[in-house]
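Encoded as structure tokens, the structure appears first; notes follow it.
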Amino acid sequence: MSVATSNPPSSPVSPSILARDFLTLQEERVRQYGILARAHKAYMGTAPNYDIDGFQTTVTSVTKAFQDISQKVIAMKSEFDVEFNDKDMANHISKIQLLEQRKLKFTVDHQLALQQVIDHPDDALMEKNEQAIKKELGKIVEEINENLEEVRYHIHDLQDR
């Protein structure tokens with residue numbers, strides 16, 4: 001799966017266009033998480049004899065999309081850092097990239113925890129674990145959104161230059 005941006009990362013573009021392209025990639029990440037969530041919900045609906053095949057196909061596709069997005073984001077971060085000498089934007093992008101990695105890890109952990117809760121409905125500890133992971137996932141999403149807001153402010157500043 002290829003994510004289209006206005007220009008390839010190696011072409012000479014303005015910082016504001018590159019930043020908007022970054023936001024487009026973030027929107028694609030959100031779309032991919034939606035695909036993953038719907039596939040997981042369908043997978044969970046096949047309990048207790050889980051139909052793993054369809055879910056694995058979706059996970060493979062989404063993983064590839066996330067890898068493609070990450071490569072493009074890393075290239076964009078480098079452009080802001082080296083070509084535009086915009087350390088603030090490079091730092092925001094770097095932080096968001098790290099948070100996205102944590103989000104993906106916690107998403108997988110949460111999916112596994114949900115399955116454990118369904119498989120062991122009388123185990124309060126498993127339910128508590130699922131809720132703790134869900135809470136941490138919410139904090140990560142909140143932190144990503146805060147950093148995205150900073151990127152949007154930065155884009156506005158870039159356009160005013």
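Residues in the structure tokens are numbered from 1 in each chain, the chains being A, B, ... in the order shown, and ligands are numbered from 1 in the order shown.
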Open item on the list: Based on the backbone DSSP call, show me all residues of chain A assigned alpha helix (DSSP H), as an NGL selection string.
Closed with: :A and (15-44 or 52-78 or 87-119 or 124-160)
I need the chosen residues saved as a CSV table (one decimal), in the first residue's frame, with C-alpha atoms.
```csv
chain,number,residue,atom,x,y,z
A,15,PRO,CA,8.6,23.3,4.7
A,16,SER,CA,4.9,24.1,5.0
A,17,ILE,CA,4.1,21.6,2.2
A,18,LEU,CA,6.3,19.0,3.7
A,19,ALA,CA,4.6,19.5,7.1
A,20,ARG,CA,1.2,19.2,5.6
A,21,ASP,CA,2.3,16.0,3.9
A,22,PHE,CA,3.4,14.8,7.3
A,23,LEU,CA,-0.2,15.4,8.6
A,24,THR,CA,-1.5,13.5,5.6
A,25,LEU,CA,0.6,10.5,6.6
A,26,GLN,CA,-0.7,10.8,10.2
A,27,GLU,CA,-4.3,10.7,8.8
A,28,GLU,CA,-3.3,7.6,6.9
A,29,ARG,CA,-2.0,6.1,10.2
A,30,VAL,CA,-5.4,6.8,11.8
A,31,ARG,CA,-7.2,5.1,8.8
A,32,GLN,CA,-4.9,2.1,9.2
A,33,TYR,CA,-5.7,1.8,12.9
A,34,GLY,CA,-9.4,1.9,12.0
A,35,ILE,CA,-8.9,-1.0,9.6
A,36,LEU,CA,-7.0,-2.9,12.3
A,37,ALA,CA,-9.7,-2.2,14.9
A,38,ARG,CA,-12.5,-3.4,12.6
A,39,ALA,CA,-10.6,-6.6,11.7
A,40,HIS,CA,-9.9,-7.3,15.4
A,41,LYS,CA,-13.5,-6.8,16.3
A,42,ALA,CA,-14.5,-9.3,13.6
A,43,TYR,CA,-11.8,-11.7,14.8
A,44,MET,CA,-13.1,-11.4,18.4
A,52,ILE,CA,-7.1,-16.2,12.6
A,53,ASP,CA,-6.6,-16.3,8.8
A,54,GLY,CA,-8.6,-13.2,7.9
A,55,PHE,CA,-7.2,-11.2,10.8
A,56,GLN,CA,-3.6,-12.2,9.9
A,57,THR,CA,-4.1,-11.0,6.4
A,58,THR,CA,-5.3,-7.6,7.7
A,59,VAL,CA,-2.4,-7.4,10.2
A,60,THR,CA,0.1,-8.1,7.4
A,61,SER,CA,-1.4,-5.4,5.2
A,62,VAL,CA,-1.6,-2.8,8.0
A,63,THR,CA,1.9,-3.6,9.2
A,64,LYS,CA,3.2,-3.0,5.7
A,65,ALA,CA,1.3,0.3,5.5
A,66,PHE,CA,2.7,1.4,8.9
A,67,GLN,CA,6.3,0.5,7.8
A,68,ASP,CA,5.8,2.6,4.6
A,69,ILE,CA,4.5,5.5,6.6
A,70,SER,CA,7.3,5.3,9.1
A,71,GLN,CA,9.9,5.3,6.4
A,72,LYS,CA,8.4,8.4,4.9
A,73,VAL,CA,8.1,10.1,8.2
A,74,ILE,CA,11.7,9.4,9.1
A,75,ALA,CA,12.8,10.9,5.7
A,76,MET,CA,10.6,14.0,6.4
A,77,LYS,CA,12.2,14.4,9.9
A,78,SER,CA,15.6,14.3,8.3
A,87,LYS,CA,15.0,21.5,14.8
A,88,ASP,CA,11.6,22.2,16.4
A,89,MET,CA,9.6,20.5,13.6
A,90,ALA,CA,12.2,17.6,13.4
A,91,ASN,CA,11.8,17.1,17.2
A,92,HIS,CA,8.0,17.1,17.0
A,93,ILE,CA,8.0,14.6,14.2
A,94,SER,CA,10.6,12.4,16.0
A,95,LYS,CA,8.5,12.4,19.2
A,96,ILE,CA,5.3,11.6,17.3
A,97,GLN,CA,7.1,8.7,15.5
A,98,LEU,CA,8.3,7.3,18.9
A,99,LEU,CA,4.8,7.7,20.3
A,100,GLU,CA,3.3,5.9,17.3
A,101,GLN,CA,5.7,3.0,17.9
A,102,ARG,CA,4.5,2.8,21.5
A,103,LYS,CA,0.9,3.2,20.4
A,104,LEU,CA,1.3,0.2,18.0
A,105,LYS,CA,2.8,-1.9,20.8
A,106,PHE,CA,0.1,-1.0,23.2
A,107,THR,CA,-2.6,-1.6,20.6
A,108,VAL,CA,-1.3,-5.2,20.1
A,109,ASP,CA,-1.1,-5.7,23.9
A,110,HIS,CA,-4.6,-4.4,24.3
A,111,GLN,CA,-5.9,-6.7,21.6
A,112,LEU,CA,-4.3,-9.7,23.3
A,113,ALA,CA,-5.6,-8.6,26.7
A,114,LEU,CA,-9.2,-8.3,25.2
A,115,GLN,CA,-8.9,-11.8,23.9
A,116,GLN,CA,-7.8,-13.0,27.4
A,117,VAL,CA,-10.8,-11.3,29.0
A,118,ILE,CA,-13.1,-13.1,26.5
A,119,ASP,CA,-11.4,-16.4,27.0
A,124,ALA,CA,-10.8,-10.1,37.3
A,125,LEU,CA,-7.0,-9.7,37.0
A,126,MET,CA,-7.1,-10.1,33.3
A,127,GLU,CA,-9.9,-7.5,33.1
A,128,LYS,CA,-7.9,-5.2,35.3
A,129,ASN,CA,-4.9,-5.7,33.0
A,130,GLU,CA,-6.9,-4.9,29.9
A,131,GLN,CA,-8.2,-1.7,31.5
A,132,ALA,CA,-4.7,-0.6,32.5
A,133,ILE,CA,-3.4,-1.1,29.0
A,134,LYS,CA,-6.4,0.7,27.6
A,135,LYS,CA,-5.8,3.6,29.9
A,136,GLU,CA,-2.1,3.8,28.9
A,137,LEU,CA,-3.1,3.6,25.2
A,138,GLY,CA,-5.4,6.6,25.8
A,139,LYS,CA,-2.6,8.6,27.3
A,140,ILE,CA,-0.3,7.8,24.3
A,141,VAL,CA,-3.0,9.0,21.9
A,142,GLU,CA,-3.5,12.1,23.9
A,143,GLU,CA,0.2,12.8,23.8
A,144,ILE,CA,0.3,12.2,20.0
A,145,ASN,CA,-2.6,14.6,19.6
A,146,GLU,CA,-0.9,17.3,21.7
A,147,ASN,CA,2.2,17.0,19.5
A,148,LEU,CA,0.1,17.1,16.4
A,149,GLU,CA,-1.4,20.3,17.6
A,150,GLU,CA,2.1,21.7,18.0
A,151,VAL,CA,2.9,20.7,14.5
A,152,ARG,CA,-0.2,22.5,13.3
A,153,TYR,CA,0.9,25.7,15.1
A,154,HIS,CA,4.3,25.3,13.5
A,155,ILE,CA,2.7,25.0,10.1
A,156,HIS,CA,0.8,28.2,10.7
A,157,ASP,CA,4.1,29.9,11.7
A,158,LEU,CA,5.8,28.5,8.5
A,159,GLN,CA,3.1,29.9,6.3
A,160,ASP,CA,3.5,33.3,8.0
```
